Structures are given as C-alpha cells and as structure tokens.
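Engineer: Sharing a structure here in structure tokens format.
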Amino acid sequence: MIPETETDMELKDCMRLLSGSGMWHTDSLDGRLDTVFMSDGPHGLRAQNEKIRKNNTSCEATCFPTASALAASWDRDLVANVADGIADEAKAEGVSVLLGPGVNIKRSPLCGRNFEYYSEDPYLAGTLACAFINAVQKEGVGTSLKHFACNNQERYRMRENSQVDERTLNEIYLRAFEIAVKGAQPATVMASYNRVNGNYACANRELLTETLRDKWGFKGAVISDWGACLDLAACVKAGMDLEMPGNGGVHLQELEKAYEAGEISEEEIRRAADRVLALIEKYGEKHASPLSADARKALLQRNHKRAVEAAKECAVLLKNTGILPLEKGMELTVIGDLAAVPRIQGGGSSHINTLSSKNFLDVLSESAIPFRYERGYDQRHNKINAVLEERAYNLAKDAKGPVIFFGGLTDISEGEGYDRENLYMPENQVRLLKRLKKLNKDLIFVSFGGSPYDLAPVSFAKAVLHMYLCGEGVMEACKSLLFGETNPSGKLAETFPYSIIDTPAYGNFSTSSEDICYTEGMFVGYRYYDGLGIDVAFPFGHGLSYTTFEYSDLKVLGKPGVDEKVKVRFNIKNTGKMAGKEAAQVYVVNKQGKLARAVKELRGFEKRIIAPGETVSFEVGLDDNAFRIYNVYSGKFETVNGEYEIAVGASSRDIRLSEKVNVNSASALDFSGFVYPPHIMSEEEFVTLYNRPLSNYTRVLPGQFNLSNSINQLSQHSKGAKAVRFALKSVGNIMYLGKNKKDPEVRMFTETILDGPLDVIVCQSGGVLKKEWVNKLIQHVNKKNNASKKHKNGKKD
C-alpha cells in the first residue's frame, strides 16, 4: 500500500526509499509498502534470487536475439513482438521493471557491449527503443532506458570521462534517448557509470534534470546503474531518484549526515521519494501474474517459436554468388565448433539461462538432412589445435558438395566490462580458413558475433550469412534461411569497416586514459565513412535477399520546413520469383557549405513483405529533425533552410530514388559564424569547440586519491593496496573456480573489482570490507605519496 499522501511519510522513510533493498528490489519499509522487483531484460528475462551473486545463475527464460540482431530486422513490429514475449515472462516471475532497452551509440565496433545496443544511428536506435518500451509497458511491466549517457566503451567504464561537444552530444549521443522518452515515456531511465563532460552521469544535473526532465518532459524515475551512485546526496540533488542496488545502509548514513549539514534539502529528498512511490504504485509486485508450472512451460514453448521467427528476420545475408539457397538432398560438410555449440547471446548482465537452444547438427538430424561434421577449432580459446584442424581439413578435402563453415567471434572475444583489442577473427579459425581456401571448394560462411569484425579471411566464400547473436532459435532459423524456407531480409544497422584504422574513433577509444575526447564529433558510423568516401566491407543498411526489388515513383508529401509532418511515398516491386521483405531506407542528403553536416542521415524507414510480381506502396514519415541541427546558442534543434535531397535506397550506399526539395522556414537558423570542423578534429580544434577545460582523471596527483579511485590505481603506490588487490582477485578466483579466466562472466567480475571505484567494492562486499578500513588505506597511500613528494623536493618527512 501507499500512504494517502506522500507528505505523511517520515523523512527517514523517504530517505530509505532512495536506496534499493538487496540487489533487485526497492525498500518495502519493513513490509509497509509493495516493492518493485527489477531484472535485466534487453533480450530476455534474467530474474535472480536475492541471495545469488553469480551473474549467470537465473530462472529459465527465453533467449531472444540481442539488440544488435533485432536492429538488423529494421522492423518495429518484430521488436514489439519480442518485447511482448519478454513482458509475459516478467509478469509470470513477478518482475516489475525490465532493465532495458539499451540505446547507446556504437561509436566504435570494438566496444565489448555493442551486442546489447541497437545501432550507430540514433534515429534507428530511438525508434526501435520506442517499439520495445511501448510493447512492454502495455503489459503492465516497466522498462529502464539505458545507459544514460555516453557509455560508449567498457574499459574504465566506472571512471571514464566522455568529453563531447554540445552539438554532437545532442545530435548523436542523446538523440536516441530523446526519441524514446518523448515517444514512449519509459518507467525509468538508468544513469550510467561514466562521467560525461566532467561529472558522473548519476550526479550530472545537466543531463538528469535540465535535459531529461526540463527539455524532454520525462515523468518517471531515474535509477542508477548497479553501483554507479558514489554520493547519494549529490546524485539526488542532480536528479537521480533511486540508487541500485542496496548497500546495507552505507550511503543512507552519509545521506543523513549530508542533510544534517545542509548539503541537501528535505524538499529534494521528498521529491525523489515521490517518484519512487509512483513507480511502486504503478509497477509494484502486486501486479505480478504468477503461472503454474504447466502454464509457464507452455509460455516458454510459445516464446521459443517467437524467438525462432525473430531470428529469421534478423539474420543478414552479406554475400551470395548464387550458391544459396541450398537444394535439399545433397550431403553437407559442416565445419566449426560454433555449429555444435552455438553462440546465441553476449556475456554479462544480460546473460539468459535458457534450456531450449538446439545446435545446427541437431536441426539437420531432425530434418533428415545428411551431413558430415568436424569441429575444426576450440572456441574456448584462440589456440590452434592441430588435430582438430587436420580432421576438418581432410573432411573438406573429400567434400562432394558445399562446405558450411560456422565461425566468427566467440564468447571470449566480446562481453560486458571489457572492450575488444582488434577486429580480427580468432587465429585458430583464420588458419583453418587459409588452408580451406586452397582446396577451392564451394564454402558458405555462417557468421556469429555481436558486432562487426574483419571478414577478410572469408573473402573467398561463395556466401556469407551473418547470424549476429540471434538467441535460442538461431540454428533453426539458420537452417530455414540456408535452404530458402525463409527469405533473408535483415540489413545491417552498423557499418562493417575493413580495418580498425578506418574507424572514426581510432586512437581515441578505449585507450589507457580515462579522459576520452570525442574528436570525431558527429561523424560516427556511416556519417563518417560515407562523408569521407572511405571504402567499407559492408555499408550501413546493407543486406541481400533471394529475390530482387525495383524502386519507383518517389513523391514528397508536405512542405519541408513548413509542415509539421513530411512524408515520403514510393513504390517497390518484387521482380523475382520468391516472396521477400524489403526494409526501405529514407535518407536526407544535407545541404553542404560553411556549416559542416553529415552528407546524408537516416530520417525514416519501413519494412514490408512483397509477393513475387507485386508492387507495394510505401509511405514513410520523416524524423522531426530531418532538416534541423542543434543550435548550441539557443539550446534547441532549429531548421536550416536551403536545398536538400530526399534519397530512398536499400542501403546508405545503394540509393535507388532521389528528389530535391527546398526548405524555407520562417524560423530557420541563422548559422553565420556557426563553426564546426567537417573532419576529425585536432586536439586544438576540439578544445575550441568543446569550450570546457579538458579533464585529466588518469593522472591522480599525490594526496588526491579517494573512494572514486580503483584498487588498481592505489596498488601502484602501496604494498598494502597490493595486498588488498591480491585478496580481491582471490575472491574472484574462488567464486569462479574452474572457469576460464577469459570467460565473459569472470572478466566482468574481475574488471569491476579491480578497476571499479573503491566505493562500489565497499558497498557490494556485504559488510566484509568496511569503509573505515578502505579510507585508512587511502589515507596511508595519500600520506605516503605526499611524503615522497616532499622528499623529492628536498624536505624531510
């Protein structure tokens, strides 16, 4: 129950509501209130018992395609259907709020968590997020839009400072959040770990209050990422409402002291408590719909079928010389460990416990399709196994028909908490592929991975089918696609570059520094590659079909810059012999001049099924900002007059139709004197545009260590800190005894305890590691450093 009025509640109870209870719940105030049960859920439910600390131990649930795969569907209805299935399972488990979707922009293909995000384009990401949020919340389950904001790398994610100029921040990194907030009003927004322009996201008033609430009209609660709140009073003042998880009262004691010291007001505390109360009232556990064992089993079976159908829509046919679809009846030669042990999802907090995933060999056997198989490599590491390799080579050498090689990024390649070091495929796969190339066989490469990687080793393949991380139905979908039972219709929501050197953030992403300058500005993804004419392996929006489509009859409806809504109408005819779905993309080619802008930007899309010989009329509404840029002087998006081009195509580099339009708005932006470099900026240019002091969090000065620093940082200056580091690492070794140290779950835990803020370690230690002890350690290191500094200056200690 909820008190009749929020003001009836004691202030201490209001304070308690601002910190979680355990890992996943809000505080019930000793049973007087209902609680909100939160669970990870971007691509499936990961509901855990409060007593469980290991990440991968959760209830059985359906594993749907990850966000990177779902985005490749370019299908709002499909995303909504998946979200609806997840919501049904959430209600059955009593989960009140799903922690998703994630809409962070893919600044670099090396980000370890890219599989959990939709796209390099904010319009596509925000639009799909709207579909997800609306579908989940229609079922009475809340969502959490994350990670707000600029959480674009995993290395040092708990301390890194994303330094982004204001125009880039609003046009690229905040835009997807803005679209989702205005279009769906998520129950919560999750503030990220990192700093943004010098302030931690959870304590960033500019983000949480001035932008999220005042500009966008967000009405829900702001929660912290798990352990992202380091100073509860400062975060609440900035606009955060709820810190997660609970920490045994550590931060509540500090909040009480801050209130007594006049550092935070009663009004600010009650304001946040009111928002938590509203969240409890709307989404509390009283709304749960528990199911019997049989009903739950039936739900999982229905959702498995949903997962299979979703995977069929998400896979992207990158290349096909005509070898696909396969004819039934021929014996297949199958090679690759990933065929027998498929990679269906990414590692980290979104890891789903599913028992319904089949491997490719089982699927072939069930369909009575003859095949021969060899493993070829061991995906648990990158080392070459000569025996496995030789067996696979000999099998391929004797193949009478096509060789299907299952490969790509493995579990140890990418995951939450760490970034990839390069774009390369595992070496054990690369060497085997080099040997297979010499056999001149018809090779079909079935690709797995949550983000782009270097496909040069399979350039000789007759076909490449990229399955992304398509969930538990991936292999059933794969067989359907290979044999033409389903026509591929997925298209890339991100660019596949040839080399990491070609990427816009190269040299300024996941470096050894905590201070990251976004010197590429707004030129992210295809905005960079297409604008600078850089060759890529596969462009944004690319994806092949077993049929062909003809575009015609482009018409622009409405007056751009004058009418509130502008629509683009055109026809697409299926000129092939097989029904297929086409995801048509509408770009606005921007006016070029003194004002630097991307050459073209996605402003609309629609996916439709078209029968052979059929012509379908498409009508696509353009993004509200189709002809606008962010004016840093007025703090809002404003129209830029001039000549534009509406371009409709099958990818960003396959434009089929175009028409010029003139924008003539009476309230257009006067951009005289508005400067923005049309290229990757030098540090000097970035400093001028950034208009703030650059940070230097990497170099901690002697005497300045505090609870926001990591044990790795302290251990460089103290034997005592080294001993604590060793003890913390040993805890992880014991928890994950027998597991590969490169396993994503192990790596995420290790990176968190060693590189995360000491405050997080204290709060999540369950009282084992006392804050008083850690503060004494910090004081010792600071005192030692100061003494060393004095000694170097010729002074006695």
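Please note that chains go A, B, ... in the order of the structure tokens, that every chain numbers its residues from 1, and that ligands are numbered from 1 in the order shown.
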Determine, counting only C-alpha atoms, which protein, DNA and RNA residues have an atom within 6 Å of an atom of segment 223-226 of chain A; residues of the same chain fewer than 2 positions away are not included. Present the result as a ChimeraX atom specification.

Structural biologist: /A:190-192,228,241-245

Engineer: Would you export the selected residues with C-alpha atoms as a compact mmCIF listing (two decimals), in the first residue's frame, please?

Structural biologist:
# COMPACT_ATOMS: atom_id res chain seq x y z
CA MET A 190 19.11 4.32 -15.94
CA ALA A 191 22.03 6.71 -15.41
CA SER A 192 25.35 5.23 -16.48
CA ALA A 228 27.10 3.84 -10.29
CA ASP A 241 15.85 9.18 -7.56
CA LEU A 242 16.94 5.65 -6.72
CA GLU A 243 20.36 4.09 -6.25
CA MET A 244 20.71 0.40 -7.06
CA PRO A 245 21.50 -2.00 -5.61

Engineer: Would you pick out the contacts of Leu300 of chain A at 9 Å or less, using only C-alpha atoms, so that residues sharing its chain but fewer than 3 positions from it are not included, and give the list as an MDAnalysis selection string?

Structural biologist: chainID A and resid 60:62 89 295:297 303:305 356

Engineer: Please report, as a ChimeraX atom specification, each residue of segment 219-429 of chain A to which DSSP assigns strand (DSSP E or B) when run on this structure's backbone.

Structural biologist: /A:221-224,242-243,316-320,332-335,353,371-374,403-408,415,418

Engineer: Using only C-alpha atoms, which protein or nucleic acid residues come within 6 Å of segment 508-512 of chain A? Drop anything in the same chain fewer than 2 positions from it, and give the result as a VMD selection string.

Structural biologist: chain A and resid 155 505 to 506

Engineer: Could you jot down the atom CA of Asn247 of chain A to atom CA of Asp515 of chain A separation for me, Å, one decimal place?

Structural biologist: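 Value for the atom CA of Asn247 of chain A-atom CA of Asp515 of chain A distance: 28.6 Å.
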
Engineer: Write out as a list in words the residues lying within 6 Å of segment 451-463 of chain A, counting only C-alpha atoms and excluding same-chain residues fewer than 5 positions away.

Structural biologist: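 Close residues of segment 451-463 of chain A: Pro109, Lys319, Asn320, Thr321, Leu423, Tyr424, Leu443, Ile444 and Phe496 of chain A.
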
Engineer: Could you save those same residues with N, CA, C and O atoms as a PDB file, in the first residue's frame?

Structural biologist:
ATOM      1  N   PRO A 109      33.368  -0.190 -33.327  1.00  0.00           N
ATOM      2  CA  PRO A 109      32.977  -1.606 -33.356  1.00  0.00           C
ATOM      3  C   PRO A 109      33.666  -2.426 -32.272  1.00  0.00           C
ATOM      4  O   PRO A 109      33.297  -3.582 -32.062  1.00  0.00           O
ATOM      5  N   LYS A 319      26.642 -11.695 -48.404  1.00  0.00           N
ATOM      6  CA  LYS A 319      27.203 -12.019 -49.720  1.00  0.00           C
ATOM      7  C   LYS A 319      26.552 -13.286 -50.246  1.00  0.00           C
ATOM      8  O   LYS A 319      26.285 -14.215 -49.477  1.00  0.00           O
ATOM      9  N   ASN A 320      26.308 -13.336 -51.553  1.00  0.00           N
ATOM     10  CA  ASN A 320      25.761 -14.544 -52.158  1.00  0.00           C
ATOM     11  C   ASN A 320      26.040 -14.520 -53.661  1.00  0.00           C
ATOM     12  O   ASN A 320      25.535 -13.657 -54.379  1.00  0.00           O
ATOM     13  N   THR A 321      26.857 -15.441 -54.101  1.00  0.00           N
ATOM     14  CA  THR A 321      27.176 -15.517 -55.535  1.00  0.00           C
ATOM     15  C   THR A 321      26.168 -16.365 -56.291  1.00  0.00           C
ATOM     16  O   THR A 321      26.324 -16.601 -57.496  1.00  0.00           O
ATOM     17  N   LEU A 423      39.906  -6.045 -34.573  1.00  0.00           N
ATOM     18  CA  LEU A 423      38.766  -6.543 -35.352  1.00  0.00           C
ATOM     19  C   LEU A 423      38.946  -7.988 -35.819  1.00  0.00           C
ATOM     20  O   LEU A 423      38.095  -8.515 -36.534  1.00  0.00           O
ATOM     21  N   TYR A 424      40.030  -8.615 -35.428  1.00  0.00           N
ATOM     22  CA  TYR A 424      40.381  -9.907 -36.014  1.00  0.00           C
ATOM     23  C   TYR A 424      39.500 -11.051 -35.525  1.00  0.00           C
ATOM     24  O   TYR A 424      39.024 -11.064 -34.389  1.00  0.00           O
ATOM     25  N   LEU A 443      32.547 -22.761 -50.439  1.00  0.00           N
ATOM     26  CA  LEU A 443      32.416 -22.573 -48.998  1.00  0.00           C
ATOM     27  C   LEU A 443      31.353 -21.521 -48.683  1.00  0.00           C
ATOM     28  O   LEU A 443      31.327 -20.442 -49.277  1.00  0.00           O
ATOM     29  N   ILE A 444      30.479 -21.861 -47.748  1.00  0.00           N
ATOM     30  CA  ILE A 444      29.464 -20.942 -47.217  1.00  0.00           C
ATOM     31  C   ILE A 444      29.865 -20.639 -45.784  1.00  0.00           C
ATOM     32  O   ILE A 444      30.069 -21.553 -44.973  1.00  0.00           O
ATOM     33  N   PHE A 496      30.302  -2.309 -41.440  1.00  0.00           N
ATOM     34  CA  PHE A 496      31.426  -3.234 -41.280  1.00  0.00           C
ATOM     35  C   PHE A 496      32.640  -2.613 -41.976  1.00  0.00           C
ATOM     36  O   PHE A 496      32.712  -2.613 -43.201  1.00  0.00           O
TER      37      PHE A 496
END

Engineer: When you look at Trp74 of chain A with a cut-off of 10 Å (counting only C-alpha atoms), what residues show up, excluding the ones that are within fewer than 3 positions of it in the same chain? I need them as a short mmCIF file (atom, residue, chain, number, x, y, z; two decimals) with all heavy atoms, in the first residue's frame.

Structural biologist:
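The resulting selection03.cif:
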data_model
loop_
_atom_site.label_atom_id
_atom_site.label_comp_id
_atom_site.auth_asym_id
_atom_site.auth_seq_id
_atom_site.Cartn_x
_atom_site.Cartn_y
_atom_site.Cartn_z
N ALA A 69 21.17 -7.68 -33.11
CA ALA A 69 20.47 -8.52 -34.09
C ALA A 69 19.08 -7.97 -34.37
O ALA A 69 18.66 -7.87 -35.53
CB ALA A 69 20.38 -9.96 -33.58
N LEU A 70 18.35 -7.60 -33.33
CA LEU A 70 17.00 -7.07 -33.52
C LEU A 70 17.00 -5.84 -34.41
O LEU A 70 16.11 -5.65 -35.25
CB LEU A 70 16.37 -6.72 -32.17
CG LEU A 70 15.75 -7.86 -31.36
CD1 LEU A 70 15.22 -7.33 -30.04
CD2 LEU A 70 14.63 -8.55 -32.13
N ALA A 71 18.03 -5.00 -34.24
CA ALA A 71 18.10 -3.79 -35.06
C ALA A 71 18.25 -4.14 -36.53
O ALA A 71 17.76 -3.40 -37.41
CB ALA A 71 19.26 -2.92 -34.61
N ASP A 77 7.49 -3.79 -35.58
CA ASP A 77 6.52 -4.79 -35.11
C ASP A 77 7.22 -6.02 -34.54
O ASP A 77 6.76 -6.60 -33.56
CB ASP A 77 5.59 -5.20 -36.26
CG ASP A 77 4.67 -4.07 -36.69
OD1 ASP A 77 4.45 -3.14 -35.89
OD2 ASP A 77 4.18 -4.11 -37.84
N LEU A 78 8.31 -6.41 -35.17
CA LEU A 78 9.06 -7.57 -34.67
C LEU A 78 9.64 -7.27 -33.28
O LEU A 78 9.56 -8.10 -32.37
CB LEU A 78 10.19 -7.92 -35.63
CG LEU A 78 11.08 -9.08 -35.17
CD1 LEU A 78 10.37 -10.41 -35.37
CD2 LEU A 78 12.40 -9.10 -35.91
N VAL A 79 10.23 -6.09 -33.12
CA VAL A 79 10.78 -5.71 -31.83
C VAL A 79 9.68 -5.69 -30.77
O VAL A 79 9.87 -6.17 -29.65
CB VAL A 79 11.45 -4.32 -31.92
CG1 VAL A 79 11.85 -3.81 -30.54
CG2 VAL A 79 12.69 -4.39 -32.82
N LEU A 124 17.41 5.30 -35.78
CA LEU A 124 17.05 3.88 -35.79
C LEU A 124 16.99 3.33 -34.37
O LEU A 124 16.03 2.64 -33.99
CB LEU A 124 18.05 3.09 -36.64
CG LEU A 124 17.81 1.58 -36.76
CD1 LEU A 124 16.45 1.29 -37.35
CD2 LEU A 124 18.91 0.93 -37.60
N ALA A 125 17.99 3.64 -33.56
CA ALA A 125 18.04 3.14 -32.18
C ALA A 125 16.85 3.65 -31.37
O ALA A 125 16.18 2.88 -30.67
CB ALA A 125 19.35 3.56 -31.52
N THR A 127 13.94 4.81 -32.41
CA THR A 127 12.65 4.34 -32.94
C THR A 127 12.37 2.90 -32.50
O THR A 127 11.24 2.57 -32.10
CB THR A 127 12.65 4.43 -34.48
OG1 THR A 127 12.90 5.79 -34.87
CG2 THR A 127 11.32 4.00 -35.05
N LEU A 128 13.38 2.05 -32.57
CA LEU A 128 13.20 0.66 -32.13
C LEU A 128 13.00 0.58 -30.62
O LEU A 128 12.23 -0.26 -30.12
CB LEU A 128 14.39 -0.20 -32.57
CG LEU A 128 14.57 -0.34 -34.08
CD1 LEU A 128 15.78 -1.21 -34.40
CD2 LEU A 128 13.32 -0.92 -34.76
N GLU A 313 14.24 -13.11 -39.12
CA GLU A 313 14.12 -11.74 -39.63
C GLU A 313 15.40 -10.92 -39.39
O GLU A 313 15.60 -9.90 -40.04
CB GLU A 313 12.95 -11.03 -38.95
CG GLU A 313 11.60 -11.70 -39.16
CD GLU A 313 11.10 -11.54 -40.58
OE1 GLU A 313 11.27 -10.47 -41.17
OE2 GLU A 313 10.55 -12.53 -41.10
N CYS A 314 16.22 -11.37 -38.45
CA CYS A 314 17.38 -10.57 -38.03
C CYS A 314 18.66 -10.92 -38.79
O CYS A 314 19.57 -10.08 -38.90
CB CYS A 314 17.63 -10.75 -36.54
SG CYS A 314 16.27 -10.18 -35.50
N SER A 489 16.03 -11.18 -44.89
CA SER A 489 15.56 -9.80 -45.04
C SER A 489 16.25 -8.83 -44.09
O SER A 489 15.90 -7.65 -44.05
CB SER A 489 14.04 -9.73 -44.82
OG SER A 489 13.70 -10.11 -43.50
N GLY A 490 17.20 -9.32 -43.30
CA GLY A 490 17.91 -8.45 -42.37
C GLY A 490 18.85 -7.50 -43.10
O GLY A 490 19.36 -7.81 -44.18
N LYS A 491 19.06 -6.34 -42.52
CA LYS A 491 20.01 -5.36 -43.06
C LYS A 491 20.83 -4.78 -41.91
O LYS A 491 20.31 -4.60 -40.80
CB LYS A 491 19.27 -4.24 -43.80
CG LYS A 491 18.62 -4.70 -45.10
CD LYS A 491 17.88 -3.57 -45.79
CE LYS A 491 17.20 -4.05 -47.07
NZ LYS A 491 17.94 -3.71 -48.28
N LEU A 492 22.08 -4.49 -42.18
CA LEU A 492 22.98 -4.03 -41.13
C LEU A 492 22.51 -2.71 -40.53
O LEU A 492 22.18 -1.77 -41.25
CB LEU A 492 24.39 -3.86 -41.69
CG LEU A 492 25.10 -5.12 -42.18
CD1 LEU A 492 26.46 -4.76 -42.77
CD2 LEU A 492 25.27 -6.14 -41.04
N ALA A 493 22.56 -2.64 -39.21
CA ALA A 493 22.27 -1.39 -38.51
C ALA A 493 23.57 -0.72 -38.09
O ALA A 493 23.57 0.20 -37.27
CB ALA A 493 21.40 -1.66 -37.28
N GLY A 541 22.99 -0.45 -43.53
CA GLY A 541 21.74 -0.74 -44.25
C GLY A 541 21.83 -1.86 -45.25
O GLY A 541 20.82 -2.24 -45.86
N GLU A 582 11.37 -6.23 -47.75
CA GLU A 582 12.36 -5.20 -48.04
C GLU A 582 12.27 -4.09 -47.00
O GLU A 582 11.18 -3.56 -46.74
CB GLU A 582 12.16 -4.63 -49.45
CG GLU A 582 13.08 -3.49 -49.82
CD GLU A 582 14.55 -3.90 -50.02
OE1 GLU A 582 14.94 -4.95 -49.51
OE2 GLU A 582 15.27 -3.16 -50.71
N ALA A 583 13.41 -3.76 -46.42
CA ALA A 583 13.49 -2.63 -45.48
C ALA A 583 14.01 -1.43 -46.25
O ALA A 583 15.22 -1.30 -46.50
CB ALA A 583 14.42 -2.98 -44.32
N ALA A 584 13.09 -0.57 -46.66
CA ALA A 584 13.46 0.62 -47.43
C ALA A 584 13.89 1.73 -46.49
O ALA A 584 13.26 1.96 -45.45
CB ALA A 584 12.28 1.07 -48.28
N GLN A 585 14.95 2.41 -46.86
CA GLN A 585 15.55 3.44 -46.00
C GLN A 585 15.45 4.81 -46.68
O GLN A 585 15.75 4.94 -47.86
CB GLN A 585 17.01 3.09 -45.73
CG GLN A 585 17.17 1.71 -45.09
CD GLN A 585 18.47 1.03 -45.45
OE1 GLN A 585 19.53 1.66 -45.44
NE2 GLN A 585 18.41 -0.26 -45.75
N PHE A 605 12.25 4.88 -42.22
CA PHE A 605 12.39 3.53 -42.78
C PHE A 605 11.09 2.78 -42.61
O PHE A 605 10.25 3.11 -41.77
CB PHE A 605 13.54 2.77 -42.10
CG PHE A 605 13.32 2.48 -40.64
CD1 PHE A 605 12.72 1.30 -40.22
CD2 PHE A 605 13.71 3.40 -39.68
CE1 PHE A 605 12.52 1.04 -38.87
CE2 PHE A 605 13.50 3.16 -38.33
CZ PHE A 605 12.91 1.97 -37.92
N GLU A 606 10.92 1.76 -43.42
CA GLU A 606 9.75 0.89 -43.30
C GLU A 606 10.07 -0.45 -43.94
O GLU A 606 10.75 -0.51 -44.97
CB GLU A 606 8.53 1.50 -43.97
CG GLU A 606 7.25 0.68 -43.73
CD GLU A 606 6.01 1.32 -44.32
OE1 GLU A 606 6.10 2.46 -44.80
OE2 GLU A 606 4.97 0.65 -44.34
N LYS A 607 9.57 -1.52 -43.33
CA LYS A 607 9.79 -2.87 -43.85
C LYS A 607 8.44 -3.50 -44.18
O LYS A 607 7.52 -3.49 -43.37
CB LYS A 607 10.53 -3.72 -42.81
CG LYS A 607 10.96 -5.09 -43.32
CD LYS A 607 11.81 -5.80 -42.27
CE LYS A 607 12.36 -7.11 -42.78
NZ LYS A 607 13.23 -7.78 -41.78
#

Engineer: Which residue is closest to His717 of chain A? Choose from A:Met23, A:Val661, A:Met475, A:Leu701 and count only C-alpha atoms.

Structural biologist: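 Of all the options, A:Leu701 lies closest to His717 of chain A.
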
Engineer: Using only C-alpha atoms, which residues sit within 7 Å of Met38 of chain A once same-chain residues fewer than 6 positions away are excluded, as a PyMOL selection string?

Structural biologist: chain A and resi 24-25+95-99

Engineer: Those selected residues, please, written with C-alpha atoms and delivered as a short mmCIF file (atom, residue, chain, number, x, y, z; two decimals), in the first residue's frame.

Structural biologist:
data_model
loop_
_atom_site.label_atom_id
_atom_site.label_comp_id
_atom_site.auth_asym_id
_atom_site.auth_seq_id
_atom_site.Cartn_x
_atom_site.Cartn_y
_atom_site.Cartn_z
CA TRP A 24 16.93 -6.20 -7.20
CA HIS A 25 14.21 -4.63 -5.05
CA VAL A 95 9.30 -8.85 -12.25
CA SER A 96 8.13 -5.24 -12.16
CA VAL A 97 10.73 -3.45 -14.27
CA LEU A 98 12.87 -4.80 -17.12
CA LEU A 99 16.32 -3.21 -17.29
#

Engineer: Find the residues near segment 249-261 of chain A: any atom within 8 Å, counting only C-alpha atoms, skip ones fewer than 4 places away on the same chain, and give them as a list in words.

Structural biologist: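 Listing them by chain and then by number gives Met15, Arg16, Ser19, Asp231, Leu232, Ala233, Ser265, Glu266 and Cys763 of chain A.
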
Engineer: Deliver the residues from the most recent selection as a file, using all heavy atoms, as a compact mmCIF listing (two decimals), in the first residue's frame.

Structural biologist:
# COMPACT_ATOMS: atom_id res chain seq x y z
N MET A 15 14.09 8.78 2.90
CA MET A 15 15.49 8.50 2.60
C MET A 15 15.70 7.03 2.25
O MET A 15 16.43 6.70 1.31
CB MET A 15 16.38 8.88 3.79
CG MET A 15 16.50 10.37 4.02
SD MET A 15 17.63 10.71 5.40
CE MET A 15 17.60 12.50 5.45
N ARG A 16 15.05 6.16 3.00
CA ARG A 16 15.21 4.72 2.74
C ARG A 16 14.74 4.34 1.34
O ARG A 16 15.30 3.44 0.71
CB ARG A 16 14.44 3.91 3.80
CG ARG A 16 15.10 3.87 5.15
CD ARG A 16 14.25 3.10 6.16
NE ARG A 16 14.04 1.72 5.77
CZ ARG A 16 13.30 0.85 6.48
NH1 ARG A 16 12.71 1.25 7.59
NH2 ARG A 16 13.15 -0.40 6.05
N SER A 19 17.30 4.26 -1.75
CA SER A 19 18.32 3.23 -1.91
C SER A 19 17.64 1.87 -1.99
O SER A 19 16.69 1.60 -1.25
CB SER A 19 19.30 3.27 -0.72
OG SER A 19 20.38 2.40 -0.93
N ASP A 231 27.85 9.05 -4.47
CA ASP A 231 27.50 10.06 -3.46
C ASP A 231 25.99 10.27 -3.57
O ASP A 231 25.52 11.00 -4.43
CB ASP A 231 28.27 11.35 -3.75
CG ASP A 231 28.00 12.45 -2.71
OD1 ASP A 231 26.94 12.42 -2.07
OD2 ASP A 231 28.86 13.34 -2.56
N LEU A 232 25.23 9.64 -2.69
CA LEU A 232 23.78 9.62 -2.80
C LEU A 232 23.19 11.03 -2.73
O LEU A 232 22.28 11.37 -3.50
CB LEU A 232 23.18 8.72 -1.72
CG LEU A 232 21.66 8.51 -1.76
CD1 LEU A 232 21.20 8.02 -3.12
CD2 LEU A 232 21.23 7.53 -0.67
N ALA A 233 23.69 11.84 -1.83
CA ALA A 233 23.16 13.20 -1.71
C ALA A 233 23.38 14.01 -2.98
O ALA A 233 22.46 14.67 -3.49
CB ALA A 233 23.80 13.90 -0.51
N SER A 265 18.36 19.31 0.75
CA SER A 265 17.16 19.77 1.45
C SER A 265 16.12 18.66 1.60
O SER A 265 16.15 17.66 0.88
CB SER A 265 16.53 20.95 0.69
OG SER A 265 15.99 20.50 -0.54
N GLU A 266 15.18 18.86 2.50
CA GLU A 266 14.08 17.92 2.68
C GLU A 266 13.25 17.85 1.41
O GLU A 266 12.79 16.78 1.00
CB GLU A 266 13.20 18.35 3.86
CG GLU A 266 12.02 17.43 4.08
CD GLU A 266 11.22 17.76 5.33
OE1 GLU A 266 11.77 18.45 6.23
OE2 GLU A 266 10.04 17.33 5.41
N CYS A 763 30.56 -1.10 -0.91
CA CYS A 763 29.10 -1.22 -0.82
C CYS A 763 28.60 -2.61 -1.19
O CYS A 763 27.55 -3.05 -0.70
CB CYS A 763 28.45 -0.18 -1.72
SG CYS A 763 28.61 1.52 -1.10

Engineer: Please determine, counting only C-alpha atoms, which residue among A:Pro693, A:Gly738, A:Pro342, A:Gly140 has the shortest atom-to-atom distance to Asp84 of chain A.

Structural biologist: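 Smallest separation from Asp84 of chain A among the options: A:Gly140.
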
Engineer: Using only C-alpha atoms, which of A:Val781, A:Leu33, A:Leu532, A:Cys63 sits nearest Arg46 of chain A?

Structural biologist: A:Cys63

Engineer: For the atom pair atom CA of Cys14 of chain A and atom CA of Val762 of chain A, what is the interatomic distance in Å to one decimal place?

Structural biologist: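 We find that atom CA of Cys14 of chain A and atom CA of Val762 of chain A lie 23.6 Å from each other.
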
Engineer: How many Å lie between atom CA of Glu427 of chain A and atom CA of Gln345 of chain A, rounded to one decimal?

Structural biologist: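 About the pair atom CA of Glu427 of chain A and atom CA of Gln345 of chain A: they are 21.4 Å apart.
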
Engineer: Kindly indicate which residue among A:Asn664, A:Asn691, A:Ser21, A:Gln429 lies nearest to His381 of chain A, using only C-alpha atoms for the distances.

Structural biologist: A:Gln429

Engineer: Between A:Phe705, A:Tyr117, A:Phe618, A:Tyr393, which residue has the minimum interatomic distance to Lys783 of chain A, considering only C-alpha atoms?

Structural biologist: A:Phe705
